[in-house]
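**Q** Contents are JSON, C-alpha atoms; file name data_1.json:
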[["chain", "number", "residue", "atom", "x", "y", "z"],
["A", 256, "ALA", "CA", 0.00, 0.00, 0.00],
["A", 257, "ALA", "CA", 3.04, 2.29, -0.08],
["A", 258, "ARG", "CA", 3.31, 4.22, -3.32],
["A", 259, "ASN", "CA", 7.11, 4.43, -3.25],
["A", 260, "LEU", "CA", 7.44, 0.64, -3.04],
["A", 261, "THR", "CA", 4.95, -0.18, -5.81],
["A", 262, "GLU", "CA", 5.49, 2.45, -8.50],
["A", 263, "ARG", "CA", 7.93, 0.54, -10.71],
["A", 264, "ASN", "CA", 5.85, -2.52, -11.53],
["A", 265, "PRO", "CA", 2.39, -2.37, -13.16],
["A", 266, "ILE", "CA", 1.16, -5.40, -11.19],
["A", 267, "THR", "CA", 2.18, -3.94, -7.83],
["A", 268, "ARG", "CA", 0.68, -0.62, -8.91],
["A", 269, "VAL", "CA", -2.71, -2.31, -9.41],
["A", 270, "LEU", "CA", -2.31, -4.03, -6.02],
["A", 271, "TYR", "CA", -1.52, -0.62, -4.52],
["A", 272, "VAL", "CA", -4.79, 0.84, -5.82],
["A", 273, "ILE", "CA", -6.85, -2.17, -4.70],
["A", 274, "THR", "CA", -5.27, -2.15, -1.24],
["A", 275, "ARG", "CA", -5.78, 1.58, -0.77],
["A", 276, "ILE", "CA", -9.43, 1.29, -1.80],
["A", 277, "PHE", "CA", -9.91, -1.57, 0.68],
["A", 278, "PHE", "CA", -8.26, 0.46, 3.46],
["A", 279, "ASN", "CA", -10.38, 3.54, 2.74],
["A", 280, "ILE", "CA", -13.68, 1.68, 2.55],
["A", 281, "ASN", "CA", -12.93, -0.36, 5.65],
["A", 282, "ARG", "CA", -11.82, 2.65, 7.68],
["A", 283, "GLY", "CA", -14.99, 4.47, 6.66],
["A", 284, "VAL", "CA", -17.19, 1.92, 8.41],
["A", 285, "ASP", "CA", -17.06, 1.90, 12.21],
["A", 286, "THR", "CA", -16.05, -1.26, 14.06],
["A", 287, "LEU", "CA", -19.42, -1.38, 15.80],
["A", 288, "ILE", "CA", -21.27, -1.59, 12.48],
["A", 289, "VAL", "CA", -18.91, -4.28, 11.19],
["A", 290, "ALA", "CA", -19.46, -6.18, 14.46],
["A", 291, "LEU", "CA", -23.23, -5.97, 14.05],
["A", 292, "VAL", "CA", -22.90, -7.43, 10.55],
["A", 293, "PHE", "CA", -20.71, -10.26, 11.84],
["A", 294, "VAL", "CA", -23.06, -10.92, 14.78],
["A", 295, "ALA", "CA", -25.97, -11.16, 12.32],
["A", 296, "ALA", "CA", -23.98, -13.48, 10.06],
["A", 297, "LEU", "CA", -22.20, -15.62, 12.66],
["A", 298, "GLY", "CA", -24.36, -15.29, 15.75],
["A", 299, "LEU", "CA", -23.60, -13.94, 19.21],
["A", 300, "GLY", "CA", -20.17, -14.51, 20.67],
["A", 301, "PRO", "CA", -16.62, -13.25, 20.75],
["A", 302, "PHE", "CA", -15.71, -14.59, 17.29],
["A", 303, "ALA", "CA", -17.81, -11.91, 15.59],
["A", 304, "GLY", "CA", -16.18, -9.20, 17.70],
["A", 305, "VAL", "CA", -12.67, -10.46, 17.03],
["A", 306, "LEU", "CA", -13.31, -10.54, 13.29],
["A", 307, "ALA", "CA", -14.69, -7.00, 13.35],
["A", 308, "MET", "CA", -11.73, -5.65, 15.31],
["A", 309, "ALA", "CA", -9.22, -7.55, 13.17],
["A", 310, "LEU", "CA", -10.70, -6.26, 9.93],
["A", 311, "HIS", "CA", -10.76, -2.69, 11.17],
["A", 312, "SER", "CA", -7.25, -2.94, 12.69],
["A", 313, "ILE", "CA", -5.82, -4.27, 9.42],
["A", 314, "ALA", "CA", -7.16, -1.23, 7.59],
["A", 315, "ASP", "CA", -6.02, 1.29, 10.21],
["A", 316, "LEU", "CA", -2.57, -0.18, 10.67],
["A", 317, "GLY", "CA", -2.12, -0.77, 6.95],
["A", 318, "LYS", "CA", -2.85, 2.88, 6.24],
["A", 319, "LEU", "CA", -0.51, 4.06, 9.01],
["A", 320, "TYR", "CA", 2.29, 1.67, 7.99],
["A", 321, "SER", "CA", 2.05, 2.59, 4.32],
["A", 322, "GLU", "CA", 2.16, 6.31, 5.06],
["A", 323, "ALA", "CA", 5.18, 5.77, 7.31],
["A", 324, "MET", "CA", 6.88, 3.92, 4.44],
["A", 325, "GLU", "CA", 6.09, 6.73, 2.03],
["A", 326, "ASN", "CA", 7.53, 9.34, 4.42],
["A", 327, "ALA", "CA", 10.71, 7.44, 5.28],
["A", 328, "ASP", "CA", 14.04, 9.14, 4.71],
["A", 329, "LYS", "CA", 15.08, 8.46, 1.13],
["A", 330, "GLY", "CA", 18.82, 8.89, 1.73],
["A", 331, "PRO", "CA", 19.60, 5.36, 2.99],
["A", 332, "ILE", "CA", 17.28, 3.87, 0.37],
["A", 333, "GLU", "CA", 19.01, 5.69, -2.48],
["A", 334, "ALA", "CA", 22.44, 4.79, -1.10],
["A", 335, "LEU", "CA", 21.69, 1.08, -1.11],
["A", 336, "GLU", "CA", 20.00, 1.23, -4.51],
["A", 337, "SER", "CA", 22.99, 3.05, -6.02],
["A", 338, "ALA", "CA", 25.28, 0.34, -4.60],
["A", 339, "GLY", "CA", 23.21, -2.24, -6.45],
["A", 340, "ALA", "CA", 21.44, -3.81, -3.48],
["A", 341, "PRO", "CA", 18.34, -5.87, -4.30],
["A", 342, "GLY", "CA", 14.92, -4.62, -3.22],
["A", 343, "SER", "CA", 14.70, -6.97, -0.24],
["A", 344, "SER", "CA", 18.02, -5.67, 1.10],
["A", 345, "VAL", "CA", 16.87, -2.08, 0.67],
["A", 346, "VAL", "CA", 13.74, -2.81, 2.68],
["A", 347, "ARG", "CA", 15.68, -4.77, 5.33],
["A", 348, "TRP", "CA", 18.60, -2.35, 5.84],
["A", 349, "ALA", "CA", 17.26, 1.08, 4.85],
["A", 350, "LEU", "CA", 13.51, 1.08, 5.35],
["A", 351, "PHE", "CA", 12.81, -1.35, 8.20],
["A", 352, "PRO", "CA", 15.14, 0.29, 10.81],
["A", 353, "GLN", "CA", 13.39, 3.62, 10.24],
["A", 354, "LEU", "CA", 9.91, 2.12, 10.48],
["A", 355, "LEU", "CA", 10.25, -0.31, 13.37],
["A", 356, "PRO", "CA", 9.74, 2.24, 16.18],
["A", 357, "LEU", "CA", 6.73, 3.79, 14.44],
["A", 358, "MET", "CA", 5.18, 0.45, 13.59],
["A", 359, "LEU", "CA", 5.53, -0.81, 17.16],
["A", 360, "SER", "CA", 4.10, 2.43, 18.49],
["A", 361, "TYR", "CA", 1.12, 2.29, 16.13],
["A", 362, "THR", "CA", 0.53, -1.38, 16.94],
["A", 363, "LEU", "CA", 0.55, -0.75, 20.70],
["A", 364, "TYR", "CA", -1.83, 2.15, 20.28],
["A", 365, "ARG", "CA", -4.16, 0.03, 18.18],
["A", 366, "PHE", "CA", -4.04, -2.68, 20.86],
["A", 367, "GLU", "CA", -5.26, -0.12, 23.40],
["A", 368, "ILE", "CA", -8.04, 0.96, 21.06],
["A", 369, "ASN", "CA", -9.07, -2.66, 20.47],
["A", 370, "PHE", "CA", -9.35, -3.30, 24.19],
["A", 371, "ARG", "CA", -11.68, -0.34, 24.63],
["A", 372, "VAL", "CA", -13.66, -1.27, 21.52],
["A", 373, "SER", "CA", -14.02, -4.84, 22.78],
["A", 374, "ILE", "CA", -15.94, -3.53, 25.77],
["A", 375, "VAL", "CA", -18.43, -1.74, 23.54],
["A", 376, "LEU", "CA", -18.70, -4.74, 21.24],
["A", 377, "GLY", "CA", -19.68, -6.84, 24.24],
["A", 378, "PHE", "CA", -22.72, -4.65, 24.70],
["A", 379, "VAL", "CA", -23.99, -5.65, 21.25],
["A", 380, "GLY", "CA", -23.49, -9.35, 21.87],
["A", 381, "ALA", "CA", -20.00, -9.81, 20.48],
["A", 382, "GLY", "CA", -18.69, -11.36, 23.72],
["A", 383, "GLY", "CA", -16.10, -10.20, 26.20],
["A", 384, "ILE", "CA", -16.29, -8.25, 29.42],
["A", 385, "GLY", "CA", -18.79, -5.78, 27.93],
["A", 386, "PHE", "CA", -21.21, -8.67, 27.54],
["A", 387, "LEU", "CA", -20.58, -9.61, 31.20],
["A", 388, "VAL", "CA", -21.38, -6.04, 32.30],
["A", 389, "THR", "CA", -24.57, -6.05, 30.23],
["A", 390, "GLN", "CA", -25.71, -9.39, 31.61],
["A", 391, "THR", "CA", -25.02, -8.45, 35.24],
["A", 392, "MET", "CA", -26.81, -5.12, 34.82],
["A", 393, "ARG", "CA", -29.84, -6.81, 33.23],
["A", 394, "GLY", "CA", -29.89, -9.41, 35.99],
["A", 395, "GLY", "CA", -29.83, -6.79, 38.72],
["A", 396, "GLN", "CA", -26.40, -7.93, 39.95],
["A", 397, "TYR", "CA", -25.10, -4.41, 40.38],
["A", 398, "PRO", "CA", -22.19, -5.21, 42.73],
["A", 399, "ASP", "CA", -20.85, -7.67, 40.13],
["A", 400, "ALA", "CA", -21.30, -5.07, 37.39],
["A", 401, "ILE", "CA", -19.41, -2.47, 39.43],
["A", 402, "VAL", "CA", -16.53, -4.93, 40.00],
["A", 403, "ALA", "CA", -16.37, -5.59, 36.24],
["A", 404, "ILE", "CA", -16.39, -1.85, 35.49],
["A", 405, "ILE", "CA", -13.61, -1.23, 38.03],
["A", 406, "ALA", "CA", -11.61, -4.07, 36.46],
["A", 407, "ILE", "CA", -12.08, -2.46, 33.03],
["A", 408, "VAL", "CA", -10.86, 0.92, 34.30],
["A", 409, "ILE", "CA", -7.81, -0.66, 35.95],
["A", 410, "VAL", "CA", -6.88, -2.69, 32.87],
["A", 411, "VAL", "CA", -7.29, 0.31, 30.55],
["A", 412, "ASN", "CA", -5.04, 2.41, 32.78],
["A", 413, "VAL", "CA", -2.40, -0.33, 33.08],
["A", 414, "LEU", "CA", -2.41, -0.86, 29.31],
["A", 415, "ASP", "CA", -2.10, 2.88, 28.75],
["A", 416, "PHE", "CA", 0.82, 3.15, 31.19],
["A", 417, "ILE", "CA", 2.68, 0.18, 29.70],
["A", 418, "SER", "CA", 2.07, 1.34, 26.15],
["A", 419, "ALA", "CA", 3.17, 4.90, 26.90],
["A", 420, "SER", "CA", 6.40, 3.73, 28.53],
["A", 421, "VAL", "CA", 7.20, 1.39, 25.63],
["A", 422, "ARG", "CA", 6.44, 4.11, 23.07],
["A", 423, "LYS", "CA", 8.61, 6.56, 24.99],
["A", 424, "ARG", "CA", 11.56, 4.21, 24.68],
["A", 425, "LEU", "CA", 10.99, 3.49, 20.99],
["A", 426, "VAL", "CA", 10.15, 6.85, 19.48]]
Could you show the structure in this file as structure tokens?

**A**
Amino acid sequence: AARNLTERNPITRVLYVITRIFFNINRGVDTLIVALVFVAALGLGPFAGVLAMALHSIADLGKLYSEAMENADKGPIEALESAGAPGSSVVRWALFPQLLPLMLSYTLYRFEINFRVSIVLGFVGAGGIGFLVTQTMRGGQYPDAIVAIIAIVIVVNVLDFISASVRKRLV
């Protein structure tokens, strides 16, 4: 999906266009709507929620990764290309070291988002702790619901702290 990596070959150029269209369409539809479609197609349960989050994460991360590749410093890439290095070596030694911190940072951030989204998806029947909260609230088990909500808040904060410290070291 990165223009600078696909511009030389007509086949990869077509794949670039198809991939970008997929990313744009997928990112335009919210995860909740995709989850509702999967719940209708596959039934209630966590599998529908996981598929919805995976599909949406692929589009978001693909877009972010491809833009990072397009904005990478061209100096090391041109140096290896002028020395006659093959394309795989250019990606391995010039592009990948520049992108690794950004890609890890984006992936950790998306993991945080997916955890929060999984709670909401549970409310629509896609499984997870959100489903537990809904069931305990409907059953009048408010102390259990409060414990689940407190657990959610603690886990979100721990994930945020860990992710922020890892991103601080990488970027």

**Q** For the atom pair atom CA of Val408 of chain A and atom CA of Asp315 of chain A, what is the interatomic distance in Å to one decimal place?

**A** 24.6 Å

**Q** With a distance cut-off of 6 Å and only C-alpha atoms, select the neighbouring residues of segment 385-389 of chain A, excluding the residue or stretch itself and same-chain residues fewer than 4 positions from it, and output the selection as JSON, numbers by chain.

**A** {"A": [374, 375, 377, 378, 400]}

**Q** Report as a list in words all protein, DNA and RNA residues lying within 12 Å of Lys423 of chain A, evaluated on all atoms listed in the file, omitting residues in the same chain fewer than 6 positions from it.

**A** Pro356, Leu357, Leu359, Ser360, Leu363, Asp415, Phe416 and Ile417 of chain A

**Q** Counting all atoms listed in the file, which residues of segment 284-383 of chain A fall within 8 Å of segment 258-271 of chain A, and what is the closest atom pair for each with its distance in Å at one decimal, ordered by chain and rising number, as a tab-separated table?

**A**
residue	atom	partner	partner_atom	distance
A:Ser321	CA	A:Arg258	CA	7.9
A:Met324	CA	A:Asn259	CA	7.7
A:Glu325	CA	A:Asn259	CA	5.8

**Q** For Tyr364 of chain A, which of A:Val411, A:Val272, A:Ala303, A:Leu310 is the closest residue, counting only C-alpha atoms?

**A**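 Looking at the shortest contact to Tyr364 of chain A, the residue is A:Val411.
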
**Q** When you draw a straight line from atom CA of Ala327 of chain A to atom CA of Gln353 of chain A, how long is it in Å?

**A** 6.8 Å

**Q** Excluding Val305 of chain A and its own-chain neighbours fewer than 2 positions away, which residues fall within 12 Å of it when counting only C-alpha atoms? Please give them as a ChimeraX atom specification.

**A** /A:286-287,289-291,293-294,297,299-303,307-313,369-370,372-374,376-377,380-383

**Q** Extract, using only C-alpha atoms, all DNA, RNA and protein residues at most 10 Å from Asn326 of chain A, discarding same-chain residues fewer than 6 positions from it, and format them as a VMD selection string.

**A** chain A and resid 257 259 320 354

**Q** Between A:Ala419, A:Val292, A:Val345, A:Ile368, which has the minimum distance to Gly330 of chain A (counting all atoms listed in the file)?

**A**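 When distances to Gly330 of chain A are compared using all atoms listed in the file, the smallest one comes from A:Val345.
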
**Q** What does the distance from atom CA of Val421 of chain A to atom CA of Leu316 of chain A come to in Å, to one decimal?

**A**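 Taking atom CA of Val421 of chain A as the start and atom CA of Leu316 of chain A as the end point, the length is 17.9 Å.
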
**Q** My structure is short of atoms at segment 278-304 of chain A; please model N, CA and C atoms there, returning them as a PDB file, in the frame of the given file.

**A**
ATOM      1  N   PHE A 278      -8.535  -0.259   2.208  1.00  0.00           N
ATOM      2  CA  PHE A 278      -8.260   0.460   3.460  1.00  0.00           C
ATOM      3  C   PHE A 278      -9.256   1.606   3.659  1.00  0.00           C
ATOM      4  N   ASN A 279      -9.499   2.378   2.623  1.00  0.00           N
ATOM      5  CA  ASN A 279     -10.380   3.540   2.740  1.00  0.00           C
ATOM      6  C   ASN A 279     -11.836   3.143   3.002  1.00  0.00           C
ATOM      7  N   ILE A 280     -12.306   2.127   2.308  1.00  0.00           N
ATOM      8  CA  ILE A 280     -13.680   1.680   2.550  1.00  0.00           C
ATOM      9  C   ILE A 280     -13.810   1.111   3.952  1.00  0.00           C
ATOM     10  N   ASN A 281     -12.872   0.283   4.338  1.00  0.00           N
ATOM     11  CA  ASN A 281     -12.930  -0.360   5.650  1.00  0.00           C
ATOM     12  C   ASN A 281     -12.818   0.655   6.781  1.00  0.00           C
ATOM     13  N   ARG A 282     -11.965   1.637   6.626  1.00  0.00           N
ATOM     14  CA  ARG A 282     -11.820   2.650   7.680  1.00  0.00           C
ATOM     15  C   ARG A 282     -13.029   3.565   7.752  1.00  0.00           C
ATOM     16  N   GLY A 283     -13.799   3.630   6.687  1.00  0.00           N
ATOM     17  CA  GLY A 283     -14.990   4.470   6.660  1.00  0.00           C
ATOM     18  C   GLY A 283     -16.180   3.876   7.399  1.00  0.00           C
ATOM     19  N   VAL A 284     -16.108   2.593   7.703  1.00  0.00           N
ATOM     20  CA  VAL A 284     -17.190   1.920   8.410  1.00  0.00           C
ATOM     21  C   VAL A 284     -16.704   1.626   9.831  1.00  0.00           C
ATOM     22  N   ASP A 285     -17.469   2.066  10.811  1.00  0.00           N
ATOM     23  CA  ASP A 285     -17.060   1.900  12.210  1.00  0.00           C
ATOM     24  C   ASP A 285     -17.039   0.430  12.610  1.00  0.00           C
ATOM     25  N   THR A 286     -16.188   0.107  13.571  1.00  0.00           N
ATOM     26  CA  THR A 286     -16.050  -1.260  14.060  1.00  0.00           C
ATOM     27  C   THR A 286     -17.368  -1.801  14.603  1.00  0.00           C
ATOM     28  N   LEU A 287     -18.137  -0.954  15.231  1.00  0.00           N
ATOM     29  CA  LEU A 287     -19.420  -1.380  15.800  1.00  0.00           C
ATOM     30  C   LEU A 287     -20.366  -1.875  14.706  1.00  0.00           C
ATOM     31  N   ILE A 288     -20.398  -1.190  13.585  1.00  0.00           N
ATOM     32  CA  ILE A 288     -21.270  -1.590  12.480  1.00  0.00           C
ATOM     33  C   ILE A 288     -20.785  -2.905  11.874  1.00  0.00           C
ATOM     34  N   VAL A 289     -19.475  -3.030  11.703  1.00  0.00           N
ATOM     35  CA  VAL A 289     -18.910  -4.280  11.190  1.00  0.00           C
ATOM     36  C   VAL A 289     -19.234  -5.424  12.154  1.00  0.00           C
ATOM     37  N   ALA A 290     -19.140  -5.157  13.465  1.00  0.00           N
ATOM     38  CA  ALA A 290     -19.460  -6.180  14.460  1.00  0.00           C
ATOM     39  C   ALA A 290     -20.924  -6.594  14.375  1.00  0.00           C
ATOM     40  N   LEU A 291     -21.810  -5.635  14.183  1.00  0.00           N
ATOM     41  CA  LEU A 291     -23.230  -5.970  14.050  1.00  0.00           C
ATOM     42  C   LEU A 291     -23.477  -6.860  12.838  1.00  0.00           C
ATOM     43  N   VAL A 292     -22.774  -6.592  11.749  1.00  0.00           N
ATOM     44  CA  VAL A 292     -22.900  -7.430  10.550  1.00  0.00           C
ATOM     45  C   VAL A 292     -22.406  -8.838  10.853  1.00  0.00           C
ATOM     46  N   PHE A 293     -21.239  -8.939  11.517  1.00  0.00           N
ATOM     47  CA  PHE A 293     -20.710 -10.260  11.840  1.00  0.00           C
ATOM     48  C   PHE A 293     -21.584 -10.994  12.859  1.00  0.00           C
ATOM     49  N   VAL A 294     -22.159 -10.281  13.819  1.00  0.00           N
ATOM     50  CA  VAL A 294     -23.060 -10.920  14.780  1.00  0.00           C
ATOM     51  C   VAL A 294     -24.295 -11.457  14.041  1.00  0.00           C
ATOM     52  N   ALA A 295     -24.812 -10.691  13.095  1.00  0.00           N
ATOM     53  CA  ALA A 295     -25.970 -11.160  12.320  1.00  0.00           C
ATOM     54  C   ALA A 295     -25.605 -12.373  11.469  1.00  0.00           C
ATOM     55  N   ALA A 296     -24.389 -12.388  10.941  1.00  0.00           N
ATOM     56  CA  ALA A 296     -23.980 -13.480  10.060  1.00  0.00           C
ATOM     57  C   ALA A 296     -23.515 -14.719  10.827  1.00  0.00           C
ATOM     58  N   LEU A 297     -22.823 -14.504  11.945  1.00  0.00           N
ATOM     59  CA  LEU A 297     -22.200 -15.620  12.660  1.00  0.00           C
ATOM     60  C   LEU A 297     -22.848 -15.948  13.991  1.00  0.00           C
ATOM     61  N   GLY A 298     -23.722 -15.078  14.460  1.00  0.00           N
ATOM     62  CA  GLY A 298     -24.360 -15.290  15.750  1.00  0.00           C
ATOM     63  C   GLY A 298     -23.599 -14.577  16.865  1.00  0.00           C
ATOM     64  N   LEU A 299     -24.207 -14.592  18.047  1.00  0.00           N
ATOM     65  CA  LEU A 299     -23.600 -13.940  19.210  1.00  0.00           C
ATOM     66  C   LEU A 299     -22.322 -14.659  19.615  1.00  0.00           C
ATOM     67  N   GLY A 300     -21.400 -13.905  20.163  1.00  0.00           N
ATOM     68  CA  GLY A 300     -20.170 -14.510  20.670  1.00  0.00           C
ATOM     69  C   GLY A 300     -18.950 -13.694  20.323  1.00  0.00           C
ATOM     70  N   PRO A 301     -17.844 -14.039  20.933  1.00  0.00           N
ATOM     71  CA  PRO A 301     -16.620 -13.250  20.750  1.00  0.00           C
ATOM     72  C   PRO A 301     -16.005 -13.360  19.356  1.00  0.00           C
ATOM     73  N   PHE A 302     -16.305 -14.438  18.618  1.00  0.00           N
ATOM     74  CA  PHE A 302     -15.710 -14.590  17.290  1.00  0.00           C
ATOM     75  C   PHE A 302     -16.093 -13.442  16.369  1.00  0.00           C
ATOM     76  N   ALA A 303     -17.342 -13.029  16.418  1.00  0.00           N
ATOM     77  CA  ALA A 303     -17.810 -11.910  15.590  1.00  0.00           C
ATOM     78  C   ALA A 303     -17.080 -10.630  15.958  1.00  0.00           C
ATOM     79  N   GLY A 304     -16.889 -10.397  17.259  1.00  0.00           N
ATOM     80  CA  GLY A 304     -16.180  -9.200  17.700  1.00  0.00           C
ATOM     81  C   GLY A 304     -14.724  -9.203  17.304  1.00  0.00           C
TER      82      GLY A 304
END
